[in-house]
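**Q** What follows is data26.txt; its format and atoms are compact mmCIF, C-alpha atoms and all ligand atoms.
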# COMPACT_ATOMS: atom_id res chain seq x y z
CA MET A 22 34.36 -4.20 -19.45
CA SER A 23 35.32 -7.77 -18.49
CA THR A 24 35.62 -10.53 -21.06
CA GLN A 25 32.74 -12.32 -19.35
CA MET A 26 30.46 -9.35 -19.97
CA SER A 27 31.58 -8.63 -23.49
CA MET A 28 30.93 -12.29 -24.37
CA GLN A 29 27.31 -11.90 -23.28
CA ALA A 30 25.36 -10.44 -26.21
CA LYS A 31 23.20 -7.43 -25.48
CA GLN A 32 19.58 -8.37 -24.81
CA GLN A 33 16.32 -6.50 -24.35
CA VAL A 34 14.77 -7.01 -20.92
CA PRO A 35 11.48 -5.17 -20.37
CA PHE A 36 10.35 -4.30 -16.85
CA VAL A 37 7.20 -6.39 -17.31
CA ASP A 38 6.04 -8.32 -20.38
CA LEU A 39 2.26 -8.48 -20.59
CA GLY A 40 2.47 -9.80 -24.15
CA ALA A 41 4.43 -12.85 -22.98
CA GLN A 42 1.76 -13.52 -20.35
CA TYR A 43 -1.07 -13.12 -22.87
CA ARG A 44 0.51 -15.61 -25.28
CA THR A 45 0.32 -18.33 -22.60
CA ILE A 46 -3.45 -17.86 -22.08
CA ALA A 47 -4.64 -16.26 -25.34
CA ALA A 48 -7.23 -18.91 -26.28
CA GLU A 49 -8.93 -18.76 -22.88
CA ILE A 50 -8.90 -14.95 -22.76
CA ASN A 51 -10.34 -14.65 -26.24
CA GLU A 52 -13.07 -17.14 -25.45
CA ALA A 53 -13.98 -15.34 -22.18
CA THR A 54 -14.10 -11.84 -23.66
CA SER A 55 -16.07 -12.82 -26.76
CA ARG A 56 -18.56 -14.68 -24.57
CA VAL A 57 -19.22 -11.51 -22.50
CA ILE A 58 -19.62 -9.44 -25.68
CA GLN A 59 -21.99 -11.96 -27.25
CA GLU A 60 -24.06 -12.15 -24.07
CA GLY A 61 -24.11 -8.34 -23.80
CA ASP A 62 -23.74 -8.68 -20.03
CA PHE A 63 -21.48 -5.66 -19.48
CA ILE A 64 -22.41 -4.08 -16.12
CA LEU A 65 -22.24 -6.05 -12.87
CA GLY A 66 -22.83 -9.21 -14.85
CA ARG A 67 -22.57 -12.82 -13.84
CA GLU A 68 -18.78 -12.82 -14.35
CA VAL A 69 -18.39 -10.02 -11.78
CA ARG A 70 -20.32 -11.99 -9.17
CA LEU A 71 -18.36 -15.18 -9.88
CA PHE A 72 -15.04 -13.36 -9.83
CA GLU A 73 -15.96 -11.73 -6.51
CA GLU A 74 -16.71 -15.17 -5.04
CA GLU A 75 -13.50 -16.66 -6.42
CA PHE A 76 -11.31 -13.74 -5.35
CA ALA A 77 -12.83 -13.74 -1.84
CA ALA A 78 -11.99 -17.45 -1.59
CA PHE A 79 -8.46 -16.76 -2.82
CA CYS A 80 -8.03 -14.11 -0.09
CA GLU A 81 -9.60 -16.45 2.49
CA VAL A 82 -12.34 -13.93 3.33
CA GLN A 83 -16.10 -13.94 3.00
CA TYR A 84 -16.93 -10.93 0.84
CA ALA A 85 -15.45 -9.19 -2.16
CA VAL A 86 -16.84 -6.16 -3.99
CA GLY A 87 -15.48 -5.33 -7.45
CA VAL A 88 -14.76 -1.68 -8.21
CA ASP A 89 -13.11 0.34 -10.98
CA SER A 90 -9.60 0.76 -9.52
CA GLY A 91 -7.39 0.18 -6.51
CA THR A 92 -7.66 3.85 -5.62
CA SER A 93 -11.47 3.55 -5.58
CA ALA A 94 -11.22 0.37 -3.51
CA LEU A 95 -9.25 2.25 -0.83
CA GLU A 96 -11.47 5.32 -0.91
CA LEU A 97 -14.76 3.40 -0.82
CA ALA A 98 -13.47 1.16 1.98
CA LEU A 99 -12.73 4.30 4.04
CA ARG A 100 -16.15 5.73 3.21
CA ALA A 101 -17.87 2.46 4.12
CA TYR A 102 -16.42 2.89 7.63
CA ASP A 103 -17.71 6.50 7.70
CA ILE A 104 -14.20 7.91 7.63
CA GLY A 105 -14.19 11.42 6.18
CA PRO A 106 -13.74 15.12 6.96
CA GLY A 107 -12.04 15.82 10.29
CA ASP A 108 -10.61 12.31 10.52
CA GLU A 109 -6.96 11.31 10.23
CA VAL A 110 -5.71 8.15 8.57
CA ILE A 111 -2.14 6.96 9.06
CA THR A 112 -0.21 5.54 6.10
CA ALA A 113 3.37 5.10 4.85
CA ALA A 114 5.46 7.93 3.39
CA ASN A 115 6.97 5.53 0.85
CA SER A 116 4.02 4.25 -1.13
CA PHE A 117 2.39 4.91 -4.45
CA ILE A 118 0.62 8.25 -4.06
CA ALA A 119 -2.79 6.57 -4.43
CA SER A 120 -2.59 5.39 -0.78
CA ALA A 121 -2.69 9.03 0.30
CA LEU A 122 -5.01 10.22 -2.50
CA ALA A 123 -7.70 7.74 -1.47
CA ILE A 124 -7.62 9.15 2.07
CA SER A 125 -7.89 12.70 0.70
CA HIS A 126 -10.68 11.75 -1.72
CA ALA A 127 -12.67 10.29 1.19
CA GLY A 128 -12.36 13.75 2.79
CA ALA A 129 -9.96 12.67 5.55
CA THR A 130 -6.36 13.79 6.18
CA PRO A 131 -3.41 11.50 5.46
CA VAL A 132 -0.86 11.34 8.27
CA LEU A 133 2.43 9.93 7.04
CA VAL A 134 4.88 7.69 8.87
CA ASP A 135 8.37 6.51 7.88
CA VAL A 136 9.14 2.94 6.83
CA ASP A 137 11.22 0.10 8.25
CA PRO A 138 14.62 0.09 6.45
CA PHE A 139 14.52 -3.67 5.79
CA THR A 140 10.95 -4.47 4.76
CA HIS A 141 10.09 -1.02 3.32
CA THR A 142 6.73 -1.26 5.12
CA ILE A 143 5.29 1.18 7.66
CA ASP A 144 7.26 1.59 10.90
CA VAL A 145 5.05 0.53 13.81
CA THR A 146 6.62 2.79 16.47
CA GLY A 147 6.07 5.67 14.04
CA ILE A 148 2.36 4.80 13.87
CA GLU A 149 2.12 4.90 17.63
CA ARG A 150 3.69 8.37 17.74
CA ALA A 151 1.38 9.63 14.96
CA ILE A 152 -1.89 8.67 16.66
CA THR A 153 -4.02 11.65 17.81
CA SER A 154 -7.58 12.03 19.08
CA ARG A 155 -8.63 12.43 15.43
CA THR A 156 -7.04 9.21 14.16
CA LYS A 157 -9.68 6.83 12.82
CA ALA A 158 -7.77 4.28 10.79
CA ILE A 159 -4.40 2.81 9.89
CA LEU A 160 -3.75 2.06 6.23
CA PRO A 161 -0.65 -0.18 6.06
CA VAL A 162 0.74 -0.86 2.59
CA HIS A 163 2.10 -4.31 1.67
CA LEU A 164 4.73 -2.59 -0.46
CA TYR A 165 6.42 -4.54 -3.27
CA GLY A 166 4.31 -7.56 -2.22
CA HIS A 167 5.90 -7.78 1.25
CA PRO A 168 3.33 -7.72 4.08
CA ALA A 169 3.40 -4.93 6.66
CA HIS A 170 4.06 -5.89 10.32
CA MET A 171 0.41 -6.75 10.86
CA ASP A 172 0.40 -8.30 14.36
CA PRO A 173 1.70 -5.19 16.16
CA ILE A 174 -0.39 -2.96 13.87
CA ARG A 175 -3.57 -4.91 14.66
CA GLN A 176 -2.74 -4.93 18.36
CA LEU A 177 -2.23 -1.17 18.37
CA ALA A 178 -5.45 -0.64 16.40
CA GLU A 179 -7.38 -2.78 18.85
CA GLN A 180 -6.01 -0.89 21.87
CA ARG A 181 -6.87 2.49 20.30
CA GLY A 182 -10.14 1.49 18.65
CA LEU A 183 -8.90 2.09 15.09
CA ILE A 184 -9.95 0.55 11.78
CA VAL A 185 -7.24 -1.23 9.76
CA ILE A 186 -7.54 -1.09 5.97
CA GLU A 187 -4.82 -2.97 4.12
CA ASP A 188 -3.47 -1.44 0.93
CA ALA A 189 -2.97 -4.81 -0.76
CA CYS A 190 -2.70 -3.29 -4.24
CA GLN A 191 0.73 -4.92 -4.68
CA ALA A 192 -0.02 -8.03 -2.65
CA HIS A 193 -2.22 -10.52 -4.52
CA GLY A 194 -1.22 -13.80 -2.89
CA THR A 195 1.06 -12.36 -0.20
CA ARG A 196 0.95 -14.22 3.12
CA TYR A 197 1.73 -13.03 6.65
CA LYS A 198 2.25 -15.80 9.24
CA GLY A 199 0.35 -18.11 6.90
CA ARG A 200 -2.60 -15.80 6.37
CA ARG A 201 -3.44 -14.14 3.10
CA ALA A 202 -3.15 -10.40 2.52
CA GLY A 203 -6.75 -9.21 2.43
CA SER A 204 -7.65 -11.18 5.56
CA LEU A 205 -5.39 -9.26 7.94
CA GLY A 206 -7.44 -6.15 8.74
CA HIS A 207 -11.05 -4.96 8.77
CA ALA A 208 -11.01 -4.59 4.98
CA ALA A 209 -8.44 -4.58 2.20
CA ALA A 210 -8.07 -2.98 -1.22
CA PHE A 211 -6.63 -4.64 -4.32
CA SER A 212 -5.79 -3.12 -7.71
CA PHE A 213 -6.03 -4.91 -11.04
CA TYR A 214 -3.99 -2.30 -12.92
CA PRO A 215 -2.41 -4.22 -15.84
CA GLY A 216 1.09 -4.46 -14.32
CA LYS A 217 0.00 -5.84 -10.92
CA ASN A 218 0.45 -9.55 -10.09
CA LEU A 219 -3.18 -10.01 -11.12
CA GLY A 220 -3.94 -7.43 -13.79
CA ALA A 221 -6.89 -6.62 -16.04
CA TYR A 222 -6.64 -5.16 -19.56
CA GLY A 223 -7.48 -1.76 -18.11
CA ASP A 224 -8.29 -0.46 -14.63
CA GLY A 225 -10.04 -2.48 -11.94
CA GLY A 226 -10.05 -3.04 -8.19
CA MET A 227 -11.61 -4.97 -5.33
CA VAL A 228 -12.43 -4.49 -1.67
CA VAL A 229 -12.44 -7.62 0.47
CA THR A 230 -13.76 -7.96 4.02
CA ASN A 231 -15.33 -10.38 6.47
CA ASP A 232 -17.87 -7.73 7.51
CA ARG A 233 -21.20 -8.33 5.81
CA GLU A 234 -22.56 -4.87 6.60
CA ILE A 235 -19.49 -3.19 5.10
CA ALA A 236 -19.74 -5.35 1.97
CA LYS A 237 -23.37 -4.27 1.55
CA ARG A 238 -22.42 -0.62 1.92
CA LEU A 239 -19.68 -1.04 -0.67
CA GLU A 240 -22.12 -2.61 -3.13
CA MET A 241 -24.27 0.50 -2.82
CA LEU A 242 -21.38 2.99 -2.83
CA ARG A 243 -20.01 1.64 -6.13
CA ASN A 244 -23.45 1.62 -7.77
CA TYR A 245 -25.13 5.07 -7.32
CA GLY A 246 -26.09 4.30 -3.73
CA GLN A 247 -28.74 1.85 -4.84
CA GLN A 248 -29.55 -1.70 -3.79
CA GLU A 249 -32.54 -1.91 -6.03
CA LYS A 250 -32.55 -0.12 -9.39
CA TYR A 251 -33.68 3.54 -9.08
CA HIS A 252 -34.01 3.34 -5.28
CA HIS A 253 -31.11 5.35 -3.86
CA GLN A 254 -30.21 4.97 -0.18
CA SER A 255 -27.12 7.16 -0.33
CA ARG A 256 -25.23 9.45 -2.73
CA GLY A 257 -23.10 6.73 -4.19
CA PHE A 258 -20.76 6.66 -7.15
CA ASN A 259 -20.35 4.88 -10.44
CA ARG A 260 -17.25 2.86 -9.56
CA ARG A 261 -18.04 -0.64 -10.79
CA LEU A 262 -15.72 -3.38 -12.02
CA ASP A 263 -16.57 -4.00 -15.70
CA THR A 264 -17.81 -7.48 -16.60
CA LEU A 265 -15.22 -7.74 -19.39
CA HIS A 266 -12.41 -7.19 -16.89
CA ALA A 267 -13.97 -9.67 -14.46
CA ALA A 268 -14.06 -12.32 -17.20
CA VAL A 269 -10.37 -11.75 -17.95
CA LEU A 270 -9.47 -11.74 -14.25
CA ARG A 271 -11.32 -15.04 -13.68
CA VAL A 272 -9.11 -16.68 -16.30
CA LYS A 273 -5.95 -15.13 -14.84
CA LEU A 274 -6.82 -15.94 -11.21
CA LYS A 275 -6.47 -19.65 -12.02
CA TYR A 276 -2.80 -19.03 -12.87
CA LEU A 277 -1.95 -16.57 -10.10
CA GLU A 278 -0.37 -19.07 -7.70
CA LYS A 279 1.73 -20.51 -10.50
CA TRP A 280 2.80 -17.03 -11.62
CA ASN A 281 3.63 -16.00 -8.06
CA ALA A 282 5.71 -19.16 -7.66
CA ALA A 283 7.61 -18.19 -10.84
CA ARG A 284 8.19 -14.71 -9.38
CA ARG A 285 9.53 -16.34 -6.19
CA TRP A 286 11.82 -18.53 -8.26
CA ASN A 287 13.14 -15.45 -10.07
CA ALA A 288 13.60 -13.57 -6.78
CA ASN A 289 15.69 -16.47 -5.47
CA LEU A 290 17.77 -16.42 -8.65
CA TYR A 291 18.39 -12.70 -8.24
CA HIS A 292 19.38 -13.29 -4.57
CA LYS A 293 21.87 -15.93 -5.68
CA PHE A 294 23.36 -14.05 -8.62
CA LEU A 295 23.66 -10.79 -6.66
CA GLU A 296 25.25 -12.33 -3.56
CA GLY A 297 28.49 -10.57 -2.64
CA SER A 298 27.91 -7.84 -5.25
CA GLY A 299 27.62 -5.10 -2.59
CA VAL A 300 24.00 -4.28 -3.40
CA MET A 301 21.42 -4.87 -0.70
CA THR A 302 18.93 -7.47 -1.86
CA PRO A 303 15.35 -7.58 -0.54
CA VAL A 304 14.46 -9.75 2.46
CA GLU A 305 11.35 -11.51 3.70
CA ALA A 306 11.04 -10.77 7.41
CA GLY A 307 8.73 -11.51 10.33
CA GLY A 308 6.62 -14.34 8.92
CA ALA A 309 6.36 -12.83 5.44
CA GLU A 310 5.73 -14.68 2.23
CA SER A 311 6.07 -11.98 -0.41
CA ALA A 312 4.12 -12.03 -3.66
CA TRP A 313 7.28 -10.49 -5.21
CA HIS A 314 5.37 -7.81 -7.06
CA LEU A 315 8.68 -5.95 -7.31
CA TYR A 316 12.28 -6.98 -6.72
CA VAL A 317 13.85 -3.88 -5.18
CA ILE A 318 17.58 -3.66 -4.52
CA ARG A 319 19.44 -0.85 -2.77
CA THR A 320 22.73 0.64 -3.76
CA ALA A 321 24.44 3.97 -3.14
CA GLU A 322 25.36 3.82 -6.85
CA ARG A 323 21.71 3.64 -7.93
CA ASP A 324 21.71 6.23 -10.70
CA VAL A 325 24.85 4.99 -12.45
CA VAL A 326 23.73 1.37 -12.07
CA ARG A 327 20.42 2.26 -13.66
CA ASP A 328 22.12 4.09 -16.54
CA HIS A 329 24.36 1.10 -17.07
CA LEU A 330 21.36 -1.26 -17.15
CA VAL A 331 19.63 0.95 -19.72
CA SER A 332 22.79 0.81 -21.86
CA ARG A 333 22.55 -2.99 -21.64
CA GLY A 334 18.91 -2.97 -22.86
CA ILE A 335 17.46 -3.52 -19.38
CA SER A 336 14.47 -1.55 -18.02
CA ALA A 337 14.73 -0.82 -14.31
CA SER A 338 12.43 1.48 -12.40
CA ILE A 339 12.17 3.40 -9.10
CA HIS A 340 9.28 2.88 -6.67
CA TYR A 341 9.14 5.72 -5.79
CA PRO A 342 11.57 8.50 -6.75
CA ILE A 343 9.72 11.25 -4.80
CA PRO A 344 8.21 10.43 -1.39
CA ILE A 345 4.57 11.46 -0.87
CA HIS A 346 5.46 14.20 1.66
CA LEU A 347 7.73 15.91 -0.90
CA GLN A 348 5.16 15.90 -3.71
CA PRO A 349 3.71 19.29 -4.68
CA ALA A 350 0.24 17.71 -4.39
CA TYR A 351 0.78 17.37 -0.62
CA ARG A 352 2.65 20.60 0.12
CA ASP A 353 -0.28 21.74 2.29
CA LEU A 354 0.28 18.91 4.78
CA GLY A 355 3.30 20.92 5.94
CA TYR A 356 5.93 18.19 5.93
CA GLN A 357 9.60 19.09 5.38
CA ARG A 358 12.53 17.34 3.79
CA GLY A 359 14.15 15.40 6.66
CA ASP A 360 10.84 14.37 8.25
CA PHE A 361 11.11 10.74 7.03
CA PRO A 362 14.83 9.91 6.78
CA VAL A 363 14.48 6.24 5.78
CA THR A 364 11.98 6.98 3.03
CA GLU A 365 14.11 9.86 1.78
CA ALA A 366 17.33 7.83 1.80
CA HIS A 367 15.58 4.95 0.04
CA ALA A 368 14.30 7.30 -2.67
CA GLN A 369 17.97 7.84 -3.62
CA GLN A 370 19.01 4.17 -3.38
CA ILE A 371 16.18 1.88 -4.46
CA LEU A 372 16.03 0.23 -7.86
CA SER A 373 13.34 -2.18 -9.06
CA LEU A 374 14.70 -4.85 -11.39
CA PRO A 375 12.63 -6.56 -14.11
CA MET A 376 10.23 -9.00 -12.43
CA TYR A 377 7.47 -11.09 -13.97
CA ALA A 378 6.54 -14.75 -14.15
CA GLU A 379 7.73 -15.27 -17.74
CA LEU A 380 11.19 -13.78 -17.09
CA THR A 381 13.68 -16.52 -17.96
CA THR A 382 16.63 -17.69 -15.84
CA GLU A 383 18.90 -16.53 -18.65
CA LEU A 384 17.53 -12.98 -18.49
CA VAL A 385 17.63 -12.83 -14.66
CA GLU A 386 21.27 -13.87 -14.88
CA TYR A 387 21.94 -11.29 -17.59
CA VAL A 388 20.43 -8.49 -15.44
CA ALA A 389 22.24 -9.58 -12.25
CA LYS A 390 25.60 -10.13 -13.95
CA SER A 391 25.32 -6.72 -15.62
CA ILE A 392 25.09 -5.21 -12.10
CA VAL A 393 27.83 -7.39 -10.57
CA THR A 394 30.30 -6.73 -13.36
CA PHE A 395 29.61 -3.00 -13.40
CA LEU A 396 30.02 -2.64 -9.63
CA SER A 397 33.18 -4.70 -9.42
CA ALA A 398 34.69 -2.46 -12.12
CA ASN A 399 33.80 0.52 -9.88
CA ARG A 400 34.76 -1.21 -6.61
CA ASN A 401 36.40 1.81 -4.92
CA SER A 402 33.31 4.02 -5.16
CA GLN A 403 30.92 1.29 -4.13
CA GLY A 404 28.81 1.81 -0.98
CA SER A 405 29.05 -1.12 1.43
CA TYR A 406 26.08 -2.82 3.00
CA GLU A 407 26.97 -1.27 6.38
CA GLN A 408 27.16 2.22 4.91
CA LEU A 409 23.76 1.74 3.33
CA VAL A 410 22.19 0.61 6.58
CA ARG A 411 23.74 3.50 8.48
CA HIS A 412 22.60 5.91 5.80
CA ALA A 413 19.04 4.61 5.99
CA THR A 414 18.67 4.52 9.78
CA PRO A 415 17.28 7.64 11.43
CA SER A 416 19.87 9.36 13.62
CA GLN A 417 19.16 9.01 17.35
C1 LIG B 501 -1.43 0.42 -7.79
C2 LIG B 501 -1.54 0.92 -6.40
C3 LIG B 501 -2.65 1.64 -5.94
C4 LIG B 501 -3.72 2.16 -6.84
O1 LIG B 501 -4.33 1.24 -7.66
P1 LIG B 501 -4.98 1.75 -9.05
O2 LIG B 501 -5.70 0.54 -9.53
O3 LIG B 501 -3.86 2.16 -9.94
O4 LIG B 501 -5.91 2.86 -8.73
C5 LIG B 501 -2.71 1.96 -4.60
N1 LIG B 501 -1.73 1.62 -3.75
C6 LIG B 501 -0.63 0.97 -4.16
C7 LIG B 501 0.41 0.59 -3.15
C8 LIG B 501 -0.49 0.60 -5.49
O5 LIG B 501 0.61 -0.04 -5.89
Starting from the file, give its structure as structure tokens.
**A**
Amino acid sequence: MSTQMSMQAKQQVPFVDLGAQYRTIAAEINEATSRVIQEGDFILGREVRLFEEEFAAFCEVQYAVGVDSGTSALELALRAYDIGPGDEVITAANSFIASALAISHAGATPVLVDVDPFTHTIDVTGIERAITSRTKAILPVHLYGHPAHMDPIRQLAEQRGLIVIEDACQAHGTRYKGRRAGSLGHAAAFSFYPGKNLGAYGDGGMVVTNDREIAKRLEMLRNYGQQEKYHHQSRGFNRRLDTLHAAVLRVKLKYLEKWNAARRWNANLYHKFLEGSGVMTPVEAGGAESAWHLYVIRTAERDVVRDHLVSRGISASIHYPIPIHLQPAYRDLGYQRGDFPVTEAHAQQILSLPMYAELTTELVEYVAKSIVTFLSANRNSQGSYEQLVRHATPSQ
């Protein structure tokens, strides 16, 4: 261990720190939640409607429908477009499993496609190859907060008559060529899981769209298939966003741009401190403005780097260690190891570093220097950038 490192005292760096965020807005949150409780307005209350209006405006779209999770948002969006049994929906092999589960829960079949080695988002030529006569929709994921390559995806969808549903569950505030995630397809799904850029104190989600008819369908689907109480047009669900969560999210939405700017600041600090370290740092490509939900590096030494970080009090995580096609839950889709080489290589190399708005410069530096010092001490076994790229590129 170098003198520089040994001089730096060991610190605790959590992966996210929801307590730190709460302390900055506690008075407002407490006021909002106690107001809802006193008013007794718990189900589809005024706060839900106001939050829907405010979140739609944030996404630069016309309609937003609050639901109980991001997974529900994806599933109900598919159902609203009548996508179900016999239909295929194309999504990325490296995503949180909920992208595929939502397709399955709607009754359709997920068709997986590999990802681009630089942006970690769905590979467009792969989508083209995966389209069949049964394909109904493309479900691109703005993974880690980085937008998918939406122009070619939209163009392809238009040519083939397909619906595009954005999985924007990690992309609150992301922009693509100046436009907000949520406004880039026919509809988009957001999650308000506590650790997302905009998180509730429990589960929540939202579908956004510019299609009035689809928004109406979603309002029925989430609420027992009724428009008017006890008059049921369809066999809907109970998948509503709770008023308490909406009240919390309204408070937090006011700070989202500021928090995302702090994430961006921290991402730039990581870029700077990790330069020349041999790890591959994340990029913003093709008109992307990431929401920096996660800061994901790549290194051939991933497992030992992670162990070292843990020994230094730092929580780092892997998104995701097992690709969807290799999960037991999806064995019946018939995919094999080797089907998605980039996704599979990434699963061995990716490491998500602590990332949240309240993370201090001092802690970012501590995390980055812990990596730099460790790797330079292990220089001979270190994978170079070129090796990583070669490793992650499908063989011709
Ligand atoms: C979080 C997440 C979901 C699911 O959202 P939940 O609110 O947890 O149901 C779906 N897709 C992606 C990419 C996510 O990160």
**Q** Could you check which of A:Thr146, A:Gln370, A:Gln191, A:Ser55 is closest to ligand LIG 501 (chain B), using only C-alpha atoms and all ligand atoms?
**A**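 For ligand LIG 501 (chain B), the nearest of the candidates is A:Gln191.
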**Q** Write out as a list of chain:residue names which residues come within 12 Å of Glu179 in chain A when counting only C-alpha atoms, dropping same-chain ones fewer than 3 positions away.
**A**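 Neighbouring residues, sequence-local ones excluded: A:Lys157, A:Ala158, A:Ile159, A:Met171, A:Asp172, A:Pro173, A:Ile174, A:Arg175, A:Gln176, A:Gly182, A:Leu183, A:Ile184, A:Val185, A:Gly206, A:His207.
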**Q** Excluding Ser125 in chain A and residues on its chain fewer than 3 positions from it, collect all residues at most 10 Å away from it, counting only C-alpha atoms, and give them as a VMD selection string.
**A** chain A and resid 96 105 to 106 109 to 110 119 to 122 128 to 131 351
**Q** Of the residues A:Ser212, A:Asn51, A:Ser204, A:Gln59, which is the one nearest to ligand LIG 501 (chain B), using only C-alpha atoms and all ligand atoms?
**A** A:Ser212
**Q** Neighbours of ligand LIG 501 (chain B) within 10 Å, counting only C-alpha atoms and all ligand atoms, as a PyMOL selection string?
**A** chain A and resi 88-96+113+115-123+161-166+187-192+210-217+220-221+223-227+314+340
**Q** Which of these residues is nearest to Phe139 in chain A, using all atoms listed in the file: A:Gly194, A:Gly307, A:Gly199, A:Gly257?
**A**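 Among the listed residues, the smallest separation from Phe139 in chain A belongs to A:Gly307.
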**Q** Enter the distance from CA of Gly203 in chain A to CA of Thr45 in chain A, in Å, rounded to one decimal.
**A**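 Distance between the two atoms: 27.6 Å.
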**Q** As an exercise, work out the distance from CA of Ala268 in chain A to CA of Leu71 in chain A in Å and give it to one decimal place.
**A**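 One can read the CA of Ala268 in chain A to CA of Leu71 in chain A distance as 9.0 Å.
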**Q** For Glu310 in chain A, list every protein, DNA or RNA residue within 7 Å, evaluated using all atoms listed in the file, and leave out those in the same chain fewer than 5 positions away; present the list as a PyMOL selection string.
**A** chain A and resi 167+195-197+305
**Q** Interatomic distance between CA of Lys250 in chain A and CA of Val86 in chain A?
**A**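 Interatomic distance here is 17.7 Å.
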**Q** Given all atoms listed in the file as the basis, pick out the residue of A:Arg100, A:His329, A:Lys273, A:Arg56 nearest to Ala398 in chain A.
**A** A:His329
**Q** Select, from A:Leu242, A:Met376, A:Leu277, A:Val326, the residue with the minimum atom-to-atom distance to Arg256 in chain A, counting only C-alpha atoms.
**A**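 Comparing A:Leu242, A:Met376, A:Leu277, A:Val326 against Arg256 in chain A, the winner is A:Leu242.
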**Q** Can you work out which one of A:Val82, A:Ile148, A:Val57, A:Ala169 has the shortest atom-to-atom distance to Ala309 in chain A, counting only C-alpha atoms?
**A**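 Counting only C-alpha atoms, the residue closest to Ala309 in chain A is A:Ala169.
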**Q** Need to verify the contact set: Glu365 in chain A, 12 Å, all atoms listed in the file, exclusion of same-chain residues closer than 3 positions in sequence. Can you return it as a PyMOL selection string?
**A** chain A and resi 114-116+134-136+138+141+340-347+357-362+368-371+412-415
